[in-house]
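Working notes, structure below.
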Amino acid sequence: MKKSLLTLLPVVAACSLSAQTIYIDFGDTDTTGNWNNFSNSGLATTYSGLVDFNTGLATSVSMTVNDTFAGKNTSGGTNGFGVYEANGAIDTWYVTDTDSGQLTFELAAFTSYDFSFLSARNSTDERIAEFELTSGASIVNTTVSAASPSGVVDASNIGTISSFTTDATGIVTLDVTFISGDSKFGYLNGITITQVPEPSTYAALAGLLALGSVMLRRRRS
Ligand SMILES: [Ca+2]
Ligand SMILES: [Ca+2]
């Protein structure tokens with residue numbers, strides 16, 4: 001029993017390592033740790049080899065700024081929330097009603113990812129932005145209000161799109177657009193992209209748990 005448990009461990013470890021987690025912070029103040037920090041909102045360029053948050057290693061994931069953002073500022077939120085830290089919340093790339101932004105991510109083909117978008121501005125008025133993902137025929141969007149009274153960031157400032165699946169190219173386009181608000185700005189403080197583990201990973205984990213509980217029961221009896 002112990003032997004089969006040990007032989008399963010490398011399988012589970014390999015599956016976990018292959019599930020990429022990419023965290024991106026936009027603006028001038030960097031988030032430390034394995035975050036990818038991008039400052040220049042006005043530069044149309046490709047950033048290759050984005051770093052995986054868990055391993056600190058460069059991945060094959062790249063981000064291209066296709067349509068530059070209208071600008072950047074340091075008027076975001078003052079606290080961290082969820083995985084986003086204060087240095088990620090405080091600064092943004094922003095769009096306006098006449099100047100939207102577009103990024104593309106080169107990810108793995110036919111693979112599902114969970115996305116989150118932090119959109120926070122130290123203000124009480126609603127400034128709603130749309131975050132729309134496209135990959136082949138698949139199009140999904142979410143809207144977020146950046147209102148953060150006194151700079152307090154909370155769950156309302158985070159938009160999520162879960163289990164978005166890439167097409168054969170693996171390329172995902174993100175359009176950031178201003179939707180509505182008295183002040184005609186939309187904000188992007190940060191993005192998280194987390195690969196959804198393959199069903200085989202869950203099966204391996206479930207198998208390992210089952211083995212573990214059997215071993216515990218045997219040891220106790
Ligand atoms: Ca930042
Ligand atoms: Ca633009």
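In the structure tokens, chains take letters A, B, ... by order of appearance, with residues numbered from 1 within each chain and ligands from 1 in the order shown.
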
For ligand 2, return the neighbouring residues as an MDAnalysis selection string (distance at most 12 Å; only C-alpha atoms and all ligand atoms). chainID A and resid 41:44 65:71 93:103 175:178 186

Within 6 Å of ligand 1, counting only C-alpha atoms and all ligand atoms, which protein or nucleic acid residues do you find, written as a list in words? Asp25, Phe26, Gly27, Asp28, Thr29, Asp30, Thr31, Asn87, Gly88 and Asp91 of chain A

When DSSP is applied to the backbone of this structure, which of segment 22-119 of chain A are assigned strand (DSSP E or B)? Write them out as a count of residues only. 42

If we count only C-alpha atoms and set the cut-off at 8 Å, which residues sit around segment 141-151 of chain A, ignoring sequence neighbours fewer than 2 positions away in its own chain? Please answer as a ChimeraX atom specification. /A:76-79,119-133,139,153-154,156-161,186-187

List every residue of segment 22-66 of chain A that has an atom at most 9 Å from any atom of segment 193-197 of chain A, giving for each one its closest atom pair and the distance in Å to one decimal, counting only C-alpha atoms, sorted by chain and then by ascending residue number, as a Markdown table.
| residue | atom | partner | partner_atom | distance |
| --- | --- | --- | --- | --- |
| A:Ile22 | CA | A:Ile193 | CA | 5.0 |
| A:Tyr23 | CA | A:Ile193 | CA | 6.4 |
| A:Ile24 | CA | A:Ile193 | CA | 8.4 |
